[in-house]
Every structure is written in C-alpha cells, then in structure tokens.
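Read through the structure below, which is laid out as structure tokens, and then see the notes.
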Protein chains: 4
Amino acid sequence: MKALVYHGPGSKAWEEVPDAAVQEPTDVVVRVETTTICGTDLHILHGDVPAVTDGRILGHEAVGTVTAVGDAVRAFAVGDRVLVPAITRCGRCTYCQRGMPSHCLTVGGIGWVFGHLVDGTQAELVRVPFADTSLYRVPDGLRDEQVVFLADSLPTGYEVGVLAGNVRPGHTVAVVGAGAVGLAAVLTTGLWGASRVIAVDTNKFRLEKALEFGATDAVEVGPGTVEEVRRLSDGGVDVAIEAVGYPETLRTACALVKPGGSIANIGVHGVPVELPMQDMWIQNVTLTMGLVDTVSIPTLLTMVASGRIPAEKMGTHTFTFDRIDEAYDVFANAAANEALKVVITPG
Amino acid sequence: MKALVYHGPGSKAWEEVPDAAVQEPTDVVVRVETTTICGTDLHILHGDVPAVTDGRILGHEAVGTVTAVGDAVRAFAVGDRVLVPAITRCGRCTYCQRGMPSHCLTVGGIGWVFGHLVDGTQAELVRVPFADTSLYRVPDGLRDEQVVFLADSLPTGYEVGVLAGNVRPGHTVAVVGAGAVGLAAVLTTGLWGASRVIAVDTNKFRLEKALEFGATDAVEVGPGTVEEVRRLSDGGVDVAIEAVGYPETLRTACALVKPGGSIANIGVHGVPVELPMQDMWIQNVTLTMGLVDTVSIPTLLTMVASGRIPAEKMGTHTFTFDRIDEAYDVFANAAANEALKVVITPG
Amino acid sequence: MKALVYHGPGSKAWEEVPDAAVQEPTDVVVRVETTTICGTDLHILHGDVPAVTDGRILGHEAVGTVTAVGDAVRAFAVGDRVLVPAITRCGRCTYCQRGMPSHCLTVGGIGWVFGHLVDGTQAELVRVPFADTSLYRVPDGLRDEQVVFLADSLPTGYEVGVLAGNVRPGHTVAVVGAGAVGLAAVLTTGLWGASRVIAVDTNKFRLEKALEFGATDAVEVGPGTVEEVRRLSDGGVDVAIEAVGYPETLRTACALVKPGGSIANIGVHGVPVELPMQDMWIQNVTLTMGLVDTVSIPTLLTMVASGRIPAEKMGTHTFTFDRIDEAYDVFANAAANEALKVVITPG
Amino acid sequence: MKALVYHGPGSKAWEEVPDAAVQEPTDVVVRVETTTICGTDLHILHGDVPAVTDGRILGHEAVGTVTAVGDAVRAFAVGDRVLVPAITRCGRCTYCQRGMPSHCLTVGGIGWVFGHLVDGTQAELVRVPFADTSLYRVPDGLRDEQVVFLADSLPTGYEVGVLAGNVRPGHTVAVVGAGAVGLAAVLTTGLWGASRVIAVDTNKFRLEKALEFGATDAVEVGPGTVEEVRRLSDGGVDVAIEAVGYPETLRTACALVKPGGSIANIGVHGVPVELPMQDMWIQNVTLTMGLVDTVSIPTLLTMVASGRIPAEKMGTHTFTFDRIDEAYDVFANAAANEALKVVITPG
C-alpha cells in the first residue's frame with residue numbers, strides 16, 4: 001500500500017510500505033476513503049513531537065471501510081463504513097471507564113496514538129487497535145465530508161471548548177481564534193443555547209466564516225478588542241473559548257470573561273503563560289484545558305444526520321492522495337489560502 | 001379601577017373595585033397593559049381550587065408599568081416596564097434561596113399567589129408583593145405579546161418539561177399534549193440541542209402548530225401511538241414530556257421512554273395514577289413533576305430578545321378588558337377555537 | 001466441578017457439572033472462593049424469572065482467582081484475585097459507553113447475566129464474559145468478606161438509592177426497608193454528607209443493625225410512621241429511599257419527602273402501584289428507579305480499603321458449598337434468622 | 001458604643017464611636033457577642049486594600065443578637081440570635097439570584113462589605129444591610145464558638161476549596177497550606193466522601209492540626225514534596241486545594257493533580273503567576289478561583305448541629321474586646337503562636 005511516511009523534521013514522503021494488517025484480536029483494518037490534515041501533523045513535521053520517529057505513517061482522522069477484523073472483534077465486520085477518531089479507547093482502564101480516553105492508560109497514557117505511537121490514517125489502509133470501543137459506524141446517508149471532521153476538529157471545539165466551558169442557554173460566548181477548531185466551537189455553541197457568539201480573530205476571511213457558521217458578532221483583533229467584546233456582552237462574556245495557544249490570546253480570553261464565567265482553553269501551548277492572578281483570584285472564574293476525548297462523536301453524528309450541524313462546511317479544499325504534499329502546503333498556510341480543513345481522498 | 005372578580009363556582013364579573021395600593025414596604029403597584037388566561041383560571045371557575053374565595057380578582061400573568069413603589073423597594077421605580085410572573089419570591093426562605101420559589105414559605109408555602117391568595121392581574125392595577133425579588137424588567141424593544149407568555153406558560157413548558165426532563169444535545173423528545181404548555185416545551189427543546197422532537201396529540205390544529213413551533217414529527221393519538229413513536233425514535237425516546245394531566249397520558253409518556261430516560265410530568269392531575277412499576281422498576285428511568293419556579297425568565301427573555309424564541313406565536317386571539325368574558329369562552333374551548341393563548345389588553 | 005443447578009420452580013441441587021471453560025477470546029474463568037445469595041435467587045426459585053431455565057447454575061456475586069484467560073484478554077492474568085460483579089459490561093454498546101451497563105445491549109439488553117442468561121457464581125468455577133471491562137481487581141490486603149458484597153448489594157443500595165436519590169451534604173434521608181440493600185444505602189449515605197439518616201422497618205433486629213450501620217434514628221412501622229418521620233425531619237426528608245418493593249412502601253416513601261426532594265425506588269415490584277399524583281404533581285419531587293450498574297465499584301473498593309465502609313458487617317452467617325441448601329434456608333427467612341447476607345466458601 | 005477603628009496603614013484603635021443604627025428599611029442592628037479576625041484584616045492594616053479608609057470599623061465575622069430592625073425586615077426580630085456572614089446579599093441582582101453574592105451588584109459589585117465598604121463587626125454593635133437575605137439564625141443549642149467561624153473561614157475552605165474542586169467519594173485530595181482556611185477545607189472534605197486527604201505545609205503545628213482535623217497524611221514542605229504526594233496518591237491527586245496565595249504554592253498544587261483533576265485556588269494572590277501551560281494544556285485539568293459566597297452556611301450549620309463538623313476547634317485563643325490589640329498580635333504571627341483563629345468577646 002502507499003502511505004505518507006515521516007522521515008524526521010521537515011521530511012515526509014508518499015511512498016510504498018507493507019500493507020496494514022491485523023496484529024491483535026481486537027484490531028481491525030480500515031481502507032481509508034477520506035482523510036484530512038491536523039495542526040498537530042504540522043507540529044510533527046517541525047520536529048516538535050519527539051515521540052514521532054522516522055518511518056511513522058502520519059494522520060489521525062479518517063472515514064473508510066473495514067477490510068479485516070481480529071478474532072475478538074464483535075461490533076464491526078468487513079464492509080462496515082466507519083469513522084476512525086483521533087482517540088483510541090481501550091474501554092477498560094480507569095480513564096476510559098470515566099469517559100476520558102484522552103489519557104487511556106492502555107495505549108500509552110494518551111489516547112492519541114495514530115500518526116504518533118502507531119501508524120496513522122494518511123495511507124491507503126490503517127490498522128485500528130481496540131476497534132470495538134474506538135470506531136463509530138457512519139449513519140446511512142451521510143457523505144464522507146460530512147463525517148471526517150468529527151474525527152478530531154469538531155469534537156475538539158465542542159468538548160474542550162463548548163462542553164468544558166459549560167455553555168448554557170442564554171449565554172454569551174466569545175471564541176478567541178477562528179481557525180478550524182475555533183470555528184468548530186462556534187458551530188456547536190447552539191447545541192447548548194448560546195444567545196450571542198462573538199468571534200475574535202486577526203483574519204477577515206475567518207471572521208466571515210465565523211458569521212456564516214453561526215457567530216452573531218465578529219471582532220477584528222486590535223487595541224480595543226477587550227473593550228469591544230465587553231461592550232457587545234454587557235460587561236463580559238459568560239464563556240471565553242481560547243483556540244490559538246499563545247500567552248497573549250489566553251490572557252485576552254481571561255480578560256473577556258465576567259465574574260462567575262469560564263475560560264475554556266483549547267490552544268496547544270508551547271511556553272509557560274503568566275496569568276494576572278492578582279486580579280483573577282477574586283473573579284470566581286474557572287479555567288479548563290485538555291485533549292479531546294472524542295466521546296461526543298455519537299451526539300455530533302446525530303446532529304449532523306438531523307441537518308443541524310453543517311460539518312462539511314469546514315472542508316474548503318479537496319485533494320487526492322497523490323497530491324498530498326500540495327494539501328500540506330495549502331493547510332500550512334491556511335489563513336493566506338483561505339483554507340480551514342482539507343479533504344483528501346484516494347482519487 | 002375595574003377588575004375580573006370571582007364570585008364562587010361558575011361566577012365572575014368585570015366590575016369596579018377599590019384601586020390596588022402599596023400595603024407593605026416591599027410592594028409595588030403595576031398598571032396592567034397585557035394579561036392572559038391560564039388553564040388554572042378555568043379550574044378556579046369550576047370550583048376546583050377551594051383557596052380561591054368570593055371577591056378574589058383573578059389572573060397571574062401580566063406585563064405592565066410600575067405606578068407606585070413601597071419604601072423598601074430599590075430595584076424598580078415608577079415608570080419601569082415590567083413582567084409580573086406567576087410566582088412570587090420572598091428571596092429569603094429556604095426554598096427561594098435554593099431557586100425553588102414555587103414553594104416559597106413566606107407567601108404561604110406556594111409561590112403562586114396572584115388570583116389565588118392575593119388579588120390578581122386580570123385588572124387595571126395589581127399590587128405585587130416582594131417586588132424586588134419577583135419582578136423582571138422588560139428588555140427595550142420587546143413588545144408585550146413577546147413577553148407576557150413568559151409569566152407562566154413558557155417557563156412551565158421549559159422548566160417542568162425541558163429542564164426537569166434533562167434534555168441534552170442529540171436527544172429525541174416526545175411531547176404528549178400539544179396545548180399551550182406542551183407547545184412551550186416544543187418551542188424550548190432546541191435550547192438544549194434536541195435533535196428530534198415528536199409531538200403527540202388528538203388535535204390536528206395543535207399538531208400543525210407543533211410542527212410550526214419546531215417539532216420534527218407529529219403523531220396523532222390512536223391505537224398505535226406508542227409503536228409509532230418508538231419507530232420514529234429507534235426504540236424509545238430519551239425524554240417524554242407529559243403536558244395533559246390524565247392517568248392514561250402519563251402512562252403513555254412512561255411507555256415511550258427508553259431505559260435511562262426521563263419522564264417529565266407537567267400535567268395537573270386530579271386523581272391517582274396507577275403506574276406499571278412491575279415493568280418500570282428495571283428501566284433506570286426518572287419521573288419528575290412540579291410547579292414552575294419562573295426562575296428561567298431571565299434566560300427566556302434573553303432568548304426572545306435575541307430572536308431565537310418566537311414566544312408571541314403562542315398568542316392566537318386578542319381581546320380588550322371589556323370583552324374578557326368572550327376571551328374566557330374562547331380559551332375554555334381552545335381546541336375547538338384553534339386557540340392557544342389569548343392576549344388581553346385595556347383596549 | 002460442582003455447582004448449584006436450578007431444575008425448575010422450587011428445585012435446585014449442588015451437583016457435578018462440566019467445568020466452566022473459556023468460550024470466547026474475551027472470557028476468563030474464575031475459581032470461586034467466596035459467593036453469596038441474593039433476593040433475586042429466591043425469586044428465581046419461586047419461578048418468577050422465566051428466562052432462567054432448567055440446568056442453569058445460579059448466583060451472580062463472587063470473589064475468586066482467575067484460572068484461565070481468553071486470547072483477547074489483556075487486563076487480567078491467571079492468578080489475579082478478582083471481584084465478579086452482578087453486571088456484565090461489553091464496554092462498547094450505547095448503554096455501556098454512557099456508564100449504564102445495566103442495559104448492555106450486547107449481553108441481551110440487561111447486564112445481569114450470571115445465574116440468569118449464562119451460568120452463575122454458586123459454583124467452583126465460573127466463566128466470565130467480557131472480562132476486561134467487567135471484572136475488578138481486589139486491592140491487596142482486603143479479605144473476601146470485605147469485598148463480596150460489592151458485587152451487588154452494596155452498589156445497589158449506593159447507586160439506586162444514594163446516587164439516584166441525589167443525597168447531598170446536610171440532607172436528611174429516610175430508608176424504608178432495612179434489609180441488606182436498604183442497609184447498604186444506610187452504610188453509604190455518609191459518602192455524600194447526609195446529616196440525618198432515618199431507618200424505617202417492621203423488624204427490630206434490622207432497625208438495630210441500621211443504627212449500627214450509621215442511621216441516626218430508627219422508626220418501627222406503625223400507624224404513625226409518616227408523622228414520626230416528618231417530626232424527626234422538620235416536615236419531610238430530602239431523600240426517601242424505598243428498599244422493599246411493595247405499593248404501600250413506595251407510597252410511604254412518597255409521603256415522607258418534602259417539596260423539592262427525591263424518592264429513590266430500589267425495590268423490585270411485582271404489581272402496578274397507584275401513586276397519589278393529585279397531591280404529588282405540585283411537590284416538585286423526583287422519582288427514580290432502576291437496576292444497579294455496578295460502575296461505583298471502584299469508588300466503593302477505595303472506601304472499603306480506606307476503612308470508611310465496613311462492608312463485611314453485611315455478612316451475618318457463613319456456610320461452605322456443601323451446606324449451600326442450609327444457606328438458602330437461612331437467607332429465605334432472613335428476618336426471622338437475624339440474617340442480612342450469607343457468606344459461602346468452598347470450605 | 002466602642003469599636004475597632006482603622007486610621008490608615010498600621011494604625012487602629014478601640015475607641016468610642018456613635019452607636020450603629022438602622023438606616024434603611026431592610027437593615028437590622030446586631031449586638032456583637034463573638035467576633036474574630038481574618039487574614040484580610042491584616043491586609044487592610046498593611047494598607048493593601050485602598051477601598052478601606054480612615055474611620056472605618058474593621059471586621060466581617062460575628063455572632064450576636066438583633067437589637068433593632070428596619071420597617072421592611074420580616075425574617076428577623078429583636079432578640080433573635082444570628083450569624084453575621086462576611087458576605088452581604090441583596091437577593092435580587094443577577095449574581096444573588098444565581099447564588100453568587102460574592103459579586104452582588106447592589107452592594108458595590110462585591111459582597112464583602114463589612115469592615116470594607118461599611119462599618120464592620122469588631123464593635124459592640126453592627127448595622128447589617130439586607131438583613132432578611134443575609135443573616136442566618138443560629139440553631140438552638142449551638143455555642144458562639146461553634147458558629148462564628150461559619151461567617152467566613154469555614155465556608156471559604158468548603159466553597160472555594162471542596163465545592164469548587166469538585167471533591168467526590170473516593171477522591172484523594174491534597175491541601176497545600178494548612179492555615180485556618182486550608183484546615184477548613186480539610187475539615188469539610190469528608191462531606192463529599194474523600195478517601196484520602198493529604199495536608200502539605202511548612203509548619204509542624206499546622207500539620208499536626210491537619211491530622212487532628214481529618215487529614216490522613218501530613219507532608220512537610222521540602223525538595224521532595226511533589227514526589228511524596230504523588231507516591232501517597234498513586235501518581236497524583238484528584239483535587240489539589242491551594243490555600244496560601246503565592247506563585248510557587250499554586251504551581252505546586254498544579255503539579256500534584258493527575259489528568260482529569262481539579263486545582264481549587266483559595267489563596268489571595270498579590271502578583272501574577274506563571275503557569276506551565278506547555279505541560280498543563282494536555283492534562284484535562286480545571287483551575288478554579290474566587291471569593292466565598294457563604295451560601296453553604298445552612299449546610300454547614302446543619303453539619304455542626306449534627307456533631308459532624310467540630311468547627312470550634314478552629315478557635316485556639318480567646319480575648320475580650322479590651323484586649324483586641326493583643327488578639328491582632330497573636331493572629332498576625334499565627335504560626336509562631338500556634339494559633340489558628342482567635343475568639344473575641346465583649347468580656
């Protein structure tokens with residue numbers, strides 16, 4: 001089979017490798033029919049994720065069809081059309097049993113294994129460990145591009161942003177950073193009845209998309225950002241979602257929230273962040289952070305199937321496997337290319 | 001002033017009475033600009049509510065303007081436009097402090113006092129006890145008919161149906177009974193992300209209204225009702241809301257819910273109900289019931305102001321005070337008259 | 001091996017049967033070192049559970065040691081000391097993924113399979129399906145009799161009584177019925193800070209045990225029961241737990257609770273129950289019911305290991321396998337024999 | 001009357017002032033029978049709280065008897081024995097209605113007004129605004145020293161530590177800082193079933209007190225603190241409560257918690273805090289912070305009355321009003337004096 005193989009910082013190749021195969025009785029093999037690229041894949045290529053070593057197949061998001069099943073697999077059969085989520089769940093460790101497979105102890109203390117600790121989904125075939133407890137069947141009638149972003153981006157915005165931020169009916173929500181994951185949060189705030197959703201970004205294209213995805217207001221970053229959001233929200237928002245990952249954007253999110261509110265950090269941070277605890281301690285606020293669990297996928301599939309979440313809108317560009325390098329280039333400069341997520345298919 | 005006065009079972013009159021006035025330092029007086037009729041008013045006229053005695057002014061829902069304030073009132077001033085909710089809240093008893101003024105100990109162990117334990121809102125003026133903790137300011141730009149149903153019907157459907165039933169994103173909800181309160185539940189299921197809402201009723205007009213108010217399916221009551229709802233909901237709903245108040249409708253609601261689901265009873269029952277506990281005990285279901293607290297009014301006002309809840313659609317007929325008898329006649333035969341709620345104004 | 005085999009209503013025998021063996025890759029076999037008898041076993045012997053047919057080995061609670069493991073089992077190995085809970089969890093169906101294996105779809109729509117749909121634990125060996133997601137390792141230092149009641153009775157009282165009833169710090173709780181499961185509720189109310197726990201029963205021995213297990217008050221059933229509990233609880237309890245299963249005991253529980261409170265039904269009902277909905281609808285109460293999930297076992301094991309729950313006190317009588325008939329006789333007349341639970345070992 | 005008056009940084013005097021009197025119809029006056037000193041009083045004397053100006057009577061904790069009531073007061077009468085909590089609640093603003101009077105808009109955007117925005121409780125008499133919604137009646141049979149710490153310290157440890165930290169049955173909790181407020185958290189972890197409570201401090205006396213107050217382990221601060229707590233907690237605690245207020249103690253708390261856990265900051269911070277977000281973002285942790293609301297006082301009073309919380313143990317030293325300077329000296333050097341809280345009475 002062919003796959004996108006990592007060969008150290010800055011180096012990758014779409015090349016021939018041995019076919020993925022069942023290794024454990026709980027494995028299945030899936031033929032990848034649609035995959036995509038995540039910001040984490042770019043971090044890996046920059047050499048920022050040392051656990052990823054030369055020879056690893058990249059990618060952790062896919063829709064496809066089961067081609068082989070291990071002896072212990074009972075919930076899936078050859079021919080089933082499935083969503084392969086970013087997170088693998090053993091189903092039995094302490095964390096999996098409390099619905100937090102992001103930290104699954106069995107697969108290495110972190111539930112994200114594809115394209116990281118095991119070979120990934122940017123390939124013609126992918127081996128899926130713990131298939132019974134990790135895979136989701138694709139509901140009839142849904143197209144791949146409606147489903148593939150439920151592997152990671154959409155549940156990340158929803159779980160780490162909207163759910164962790166405790167959005168409730170009538171709330172005003174600010175989303176700082178309107179990239180793919182920030183927009184996923186915008187797209188799902190309505191599931192919990194937000195009345196006002198304010199997108200904050202430096203990029204006009206993203207702000208336009210935010211309005212299209214359900215934001216009620218768009219604020220371009222500038223010297224008066226905090227004041228403008230406070231003005232729109234009658235003194236401060238109930239929930240501020242941070243979807244960038246820089247110290248200043250997290251501090252902006254902290255400055256936007258009113259007493260009793262929540263700051264939900266989605267951003268992946270690379271350096272420490274100084275927080276104004278001398279002002280914040282008295283504000284009765286909550287700051288949350290974390291890796292997605294993908295346990296919201298059944299809910300999100302239901303909402304996509306009912307027509308209430310147009311998840312396919314996150315896909316702005318389409319490529320075939322043989323043009324995957326081009327897909328990476330476009331995604332690496334997403335803002336300049338007016339790209340959110342790319343859709344990659346065998347062609 | 002003039003007011004609608006109860007004179008014993010079957011008897012009422014729009015007649016001259018002394019003006020409402022401040023009696024306690026925490027009172028205000030409100031000039032009623034819009035009121036409506038509740039099913040409870042009909043029960044009173046049938047003589048079903050012995051606490052209501054000859055001479056009582058009826059009604060417990062209003063929008064109006066403050067005309068006088070007691071010495072201790074700080075949150076409202078003469079000229080303020082306010083919503084008078086069905087429930088009065090002292091703000092200090094155990095129940096009020098836990099957000100459950102439906103059982104406010106200070107006003108008689110039950111928060112519903114207007115047109116019951118004190119004079120009500122179907123009058124030119126009404127005295128409002130505990131004004132600071134009971135009234136809500138009407139947001140600028142909202143018309144009376146967008147707000148008046150937030151006094152009782154809308155929060156009843158929302159709190160006793162949607163909130164008590166624990167509706168969550170992706171849920172399938174059945175609403176048994178699509179009268180005004182059942183439709184209020186339909187109208188607010190979207191605040192918590194319901195994916196499918198099935199209205200069940202005997203009346204075609206109400207079922208049409210339900211679809212207009214956001215139901216995805218309408219099921220006319222018949223021999224196969226339970227099977228039809230189960231078919232639509234893949235074996236049973238997550239939440240069944242009962243909005244009628246008969247033994248058979250509550251049993252229908254119980255039959256619709258799947259294991260782990262909730263039955264939220266809104267109906268006012270007059271007789272005991274036999275429940276099939278021999279089947280239900282093993283189903284891990286929850287049955288809730290209760291009087292509205294109206295504490296969700298701020299959320300509902302926000303959602304109406306943001307355009308997300310078209311509350312005014314509940315008003316199907318309009319009358320002036322001098323035609324209030326006619327308003328009662330229409331409302332008493334609501335289904336036949338294709339009425340939901342009536343809007344009554346000074347004219 | 002030898003096992004207690006059901007031979008139709010009223011008939012059972014401790015007899016030689018083929019050894020339990022691994023059948024599926026996810027199975028293990030456990031050598032039973034301690035088991036016990038549940039009220040459900042008595043129901044089966046009365047012929048009340050038609051799904052149990054001639055030839056079925058009884059019992060669904062055990063502590064023992066793993067003697068064989070299937071190819072796909074990863075969390076347990078031969079020699080591990082384990083608790084076999086009453087509920088089997090596939091770990092992947094909708095219900096298991098939401099923490100409700102009581103209704104596991106994979107094992108038959110009901111998580112209780114031992115001594116019901118598959119052979120049970122009143123045997124020298126037992127086959128355990130879905131071992132990785134169902135078994136719990138016994139913490140070092142705990143004796144069998146401290147752990148065996150965590151298979152069913154203790155989590156039933158805790159989950160279906162204390163958790164479903166939403167006991168919170170400062171609450172007053174009434175437990176109607178102080179048999180083994182009611183006492184399990186008494187024993188665990190302290191985990192959520194109950195300030196007062198009132199046991200209600202007809203039997204003096206059980207009431208004494210209730211006081212020993214942490215109840216603050218014991219009320220013997222009589223004409224003034226409801227008034228006495230109301231007097232002790234300043235007008236009504238926050239949570240009433242029903243642990244008997246008769247119409248009158250459930251109605252008593254309903255009568256004890258104050259507005260805003262919860263009634264948690266644990267009892268197994270055999271007939272419909274008429275509830276006074278004409279009085280209850282306005283009380284803002286919640287009635288819950290259901291089968292145990294046993295998902296609280298890790299918490300309960302922790303609390304037993306920390307010395308905070310003396311679970312072994314539930315065992316009042318001890319028998320060896322060859323005297324299992326006698327154990328059934330004692331347990332079938334538990335109140336008369338001053339028995340709560342029996343402990344049965346190979347001898 | 002006599003009172004302790006602030007006269008600018010470093011200066012205070014027990015001196016004659018005009019008697020406290022009713023000013024608003026919602027006021028009462030309370031004769032102070034027991035008061036105490038809070039760490040905040042020391043901050044004021046250091047000049048750290050600019051809102052406190054020359055002439056202000058200090059103190060915000062008291063037990064006493066009502067001596068006068070305003071015209072609108074209904075819940076209290078002359079002669080009632082009451083607890084005056086640190087937080088005043090108007091009962092009607094957005095924050096009060098959601099149970100968050102710490103940010104009451106009516107009394108200045110912060111619920112702490114005594115000894116801050118209005119005259120305080122270190123006086124023979126104190127005027128209490130919004131008495132009906134702010135005061136709590138002292139249950140019969142409780143002594144002042146059992147109740148006075150419920151005015152601030154005990155609910156602060158409980159609400160901002162235990163409740164915000166979401167302690168649940170079976171949890172392991174670390175409390176960093178075993179001063180009065182940290183010990184209040186220790187004392188109340190049992191209300192939510194903590195199985196293991198690890199106190200961390202530099203001071204042996206406080207660690208001894210922690211063990212006496214219910215901690216299971218005491219860890220003296222040193223180079224291996226984090227490793228020792230991790231060892232005791234099998235890799236990390238579920239909840240880390242910070243009760244000091246320095247950058248390093250908050251970072252220690254962050255380092256102690258395991259994935260999915262909570263860090264509850266109680267400490268009052270004076271400078272920004274750099275948090276290792278590059279490590280924390282992936283840990284699925286929650287950081288909370290805030291001012292006490294004192295809404296848990298009814299629960300805590302119940303638990304004290306039931307004998308389950310020995311609140312009086314927090315009082316280590318007793319003084320009369322005329323020795324209040326000495327009381328301040330002892331409390332200002334609490335660790336050296338082996339003091340937790342001081343009890344001050346008229347004498």
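Labels for the structure tokens follow display order: chains A, B, ..., residues from 1 in each chain, ligands from 1.
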
List as a list of chain:residue names the protein and nucleic acid residues near range 310-324 of chain A, meaning an atom at most 6 Å away when only C-alpha atoms are counted, but skip any in the same chain fewer than 6 places from it.
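The residues that qualify are A:Glu145, A:Gln146, A:Ala339, A:Leu340, A:Lys341, A:Val342, A:Val343, A:Ile344, A:Thr345, A:Pro346, A:Gly347.
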
List as CSV every residue of chain C that is in contact with chain A, defined as an atom at most 10 Å from one of its atoms (using only C-alpha atoms), together with the nearest atom pair and the distance in Å rounded to one decimal, sorted by chain and then rising number.
```
residue,atom,partner,partner_atom,distance
C:Glu24,CA,A:Ala72,CA,7.6
C:Pro25,CA,A:Ala72,CA,5.7
C:Thr26,CA,A:Ala72,CA,6.7
C:Gly70,CA,A:Ala72,CA,9.4
C:Asp71,CA,A:Pro25,CA,7.3
C:Ala72,CA,A:Pro25,CA,5.7
C:Val73,CA,A:Ala72,CA,9.3
C:Arg74,CA,A:Thr106,CA,9.2
C:Ala75,CA,A:Arg92,CA,7.9
C:Arg89,CA,A:Arg92,CA,9.9
C:Cys90,CA,A:Gly91,CA,9.2
C:Gly91,CA,A:Gly91,CA,5.9
C:Arg92,CA,A:Thr133,CA,4.9
C:Cys93,CA,A:Thr133,CA,8.3
C:Thr94,CA,A:Pro298,CA,9.0
C:Cys96,CA,A:Gln97,CA,9.2
C:Gln97,CA,A:Gly99,CA,7.7
C:Arg98,CA,A:Gly99,CA,8.0
C:Gly99,CA,A:Gln97,CA,7.7
C:Thr106,CA,A:Ala75,CA,9.0
C:Ala131,CA,A:Arg92,CA,9.5
C:Asp132,CA,A:Arg92,CA,6.1
C:Thr133,CA,A:Arg92,CA,4.9
C:Ser134,CA,A:Arg92,CA,8.2
C:Leu135,CA,A:Arg92,CA,9.5
C:Val295,CA,A:Gln97,CA,8.6
C:Pro298,CA,A:Thr94,CA,8.9
```

Just to be explicit: take each residue in the selection above, keep N, CA, C and O atoms, and write the result as a short mmCIF file (atom, residue, chain, number, x, y, z; two decimals), in the first residue's frame.
```cif
data_model
loop_
_atom_site.label_atom_id
_atom_site.label_comp_id
_atom_site.auth_asym_id
_atom_site.auth_seq_id
_atom_site.Cartn_x
_atom_site.Cartn_y
_atom_site.Cartn_z
N GLU C 24 -15.08 -17.64 24.49
CA GLU C 24 -14.81 -16.51 23.60
C GLU C 24 -13.45 -15.92 23.95
O GLU C 24 -13.02 -16.02 25.10
N PRO C 25 -12.80 -15.23 23.00
CA PRO C 25 -11.47 -14.68 23.32
C PRO C 25 -11.49 -13.63 24.43
O PRO C 25 -10.45 -13.35 25.01
N THR C 26 -12.66 -13.10 24.73
CA THR C 26 -12.77 -12.07 25.79
C THR C 26 -13.19 -12.65 27.15
O THR C 26 -13.41 -11.91 28.09
N GLY C 70 -8.95 -15.84 27.96
CA GLY C 70 -9.08 -15.90 26.51
C GLY C 70 -7.97 -15.10 25.82
O GLY C 70 -7.29 -14.29 26.45
N ASP C 71 -7.84 -15.32 24.50
CA ASP C 71 -6.74 -14.71 23.74
C ASP C 71 -6.75 -13.19 23.73
O ASP C 71 -5.72 -12.55 23.57
N ALA C 72 -7.93 -12.60 23.84
CA ALA C 72 -8.02 -11.14 23.72
C ALA C 72 -7.99 -10.44 25.08
O ALA C 72 -8.02 -9.22 25.13
N VAL C 73 -7.91 -11.20 26.15
CA VAL C 73 -7.92 -10.58 27.48
C VAL C 73 -6.55 -9.98 27.77
O VAL C 73 -5.53 -10.64 27.61
N ARG C 74 -6.54 -8.71 28.16
CA ARG C 74 -5.26 -8.04 28.40
C ARG C 74 -5.14 -7.52 29.83
O ARG C 74 -4.05 -7.31 30.33
N ALA C 75 -6.26 -7.28 30.50
CA ALA C 75 -6.20 -6.61 31.80
C ALA C 75 -6.05 -7.60 32.95
O ALA C 75 -5.73 -7.18 34.07
N ARG C 89 -20.41 -6.08 31.44
CA ARG C 89 -20.33 -4.88 30.62
C ARG C 89 -19.52 -5.15 29.35
O ARG C 89 -18.33 -5.44 29.44
N CYS C 90 -20.17 -5.04 28.19
CA CYS C 90 -19.43 -5.24 26.93
C CYS C 90 -18.46 -4.09 26.71
O CYS C 90 -17.45 -4.24 26.05
N GLY C 91 -18.81 -2.90 27.22
CA GLY C 91 -17.91 -1.75 27.12
C GLY C 91 -18.06 -0.95 25.84
O GLY C 91 -17.45 0.12 25.72
N ARG C 92 -18.86 -1.42 24.90
CA ARG C 92 -18.90 -0.72 23.61
C ARG C 92 -20.29 -0.31 23.16
O ARG C 92 -20.43 0.53 22.29
N CYS C 93 -21.34 -0.91 23.72
CA CYS C 93 -22.68 -0.53 23.27
C CYS C 93 -23.02 0.86 23.82
O CYS C 93 -22.34 1.39 24.70
N THR C 94 -24.09 1.42 23.30
CA THR C 94 -24.53 2.76 23.72
C THR C 94 -24.66 2.85 25.24
O THR C 94 -24.21 3.82 25.86
N CYS C 96 -23.32 0.87 27.64
CA CYS C 96 -22.05 0.74 28.35
C CYS C 96 -21.23 2.03 28.23
O CYS C 96 -20.60 2.46 29.19
N GLN C 97 -21.27 2.65 27.05
CA GLN C 97 -20.45 3.85 26.87
C GLN C 97 -20.98 5.03 27.67
O GLN C 97 -20.24 5.97 27.96
N ARG C 98 -22.26 4.99 28.04
CA ARG C 98 -22.74 6.07 28.93
C ARG C 98 -22.74 5.65 30.39
O ARG C 98 -23.34 6.32 31.23
N GLY C 99 -22.06 4.53 30.70
CA GLY C 99 -21.95 4.12 32.10
C GLY C 99 -23.20 3.46 32.64
O GLY C 99 -23.44 3.47 33.84
N THR C 106 -25.33 -5.77 24.26
CA THR C 106 -24.58 -6.90 23.70
C THR C 106 -24.87 -8.19 24.44
O THR C 106 -24.89 -9.27 23.86
N ALA C 131 -14.45 -10.03 30.14
CA ALA C 131 -13.73 -9.92 31.42
C ALA C 131 -13.02 -8.59 31.57
O ALA C 131 -13.06 -7.98 32.64
N ASP C 132 -12.37 -8.12 30.51
CA ASP C 132 -11.57 -6.89 30.64
C ASP C 132 -12.42 -5.71 31.11
O ASP C 132 -11.94 -4.87 31.88
N THR C 133 -13.64 -5.63 30.65
CA THR C 133 -14.47 -4.48 31.00
C THR C 133 -15.42 -4.77 32.16
O THR C 133 -16.14 -3.87 32.59
N SER C 134 -15.45 -6.01 32.64
CA SER C 134 -16.41 -6.36 33.69
C SER C 134 -15.78 -6.63 35.06
O SER C 134 -16.38 -6.29 36.09
N LEU C 135 -14.63 -7.26 35.09
CA LEU C 135 -14.03 -7.64 36.38
C LEU C 135 -13.33 -6.47 37.06
O LEU C 135 -12.92 -5.52 36.41
N VAL C 295 -21.10 0.32 38.39
CA VAL C 295 -19.97 1.18 38.00
C VAL C 295 -19.37 1.94 39.18
O VAL C 295 -18.31 2.55 39.03
N PRO C 298 -15.34 0.74 41.79
CA PRO C 298 -14.01 1.29 42.13
C PRO C 298 -14.08 2.27 43.32
O PRO C 298 -13.21 2.22 44.20
#
```

Contacts of Thr202 in chain B within 12 Å, only C-alpha atoms, excl. fewer than 5 positions in-chain, as a PyMOL selection string
chain B and resi 176-179+207-208+218-223+225+244+249+335-336

Write out as a PyMOL selection string which residues come within 7 Å of Val173 in chain D when counting only C-alpha atoms, dropping same-chain ones fewer than 2 positions away.
chain D and resi 171+175+194+196-198+237-240

DSSP says helix (DSSP H, G or I) for which residues of range 240-323 of chain C? Put them as an MDAnalysis selection string?
chainID C and resid 247:256 277:280 297:305 311:314 321:323

Between C:Met289, C:Ala62, C:Leu301, C:Val5, single out the one closest to Met277 in chain B, counting only C-alpha atoms.
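Checking each of C:Met289, C:Ala62, C:Leu301, C:Val5 against Met277 in chain B, counting only C-alpha atoms, the winner is C:Met289.
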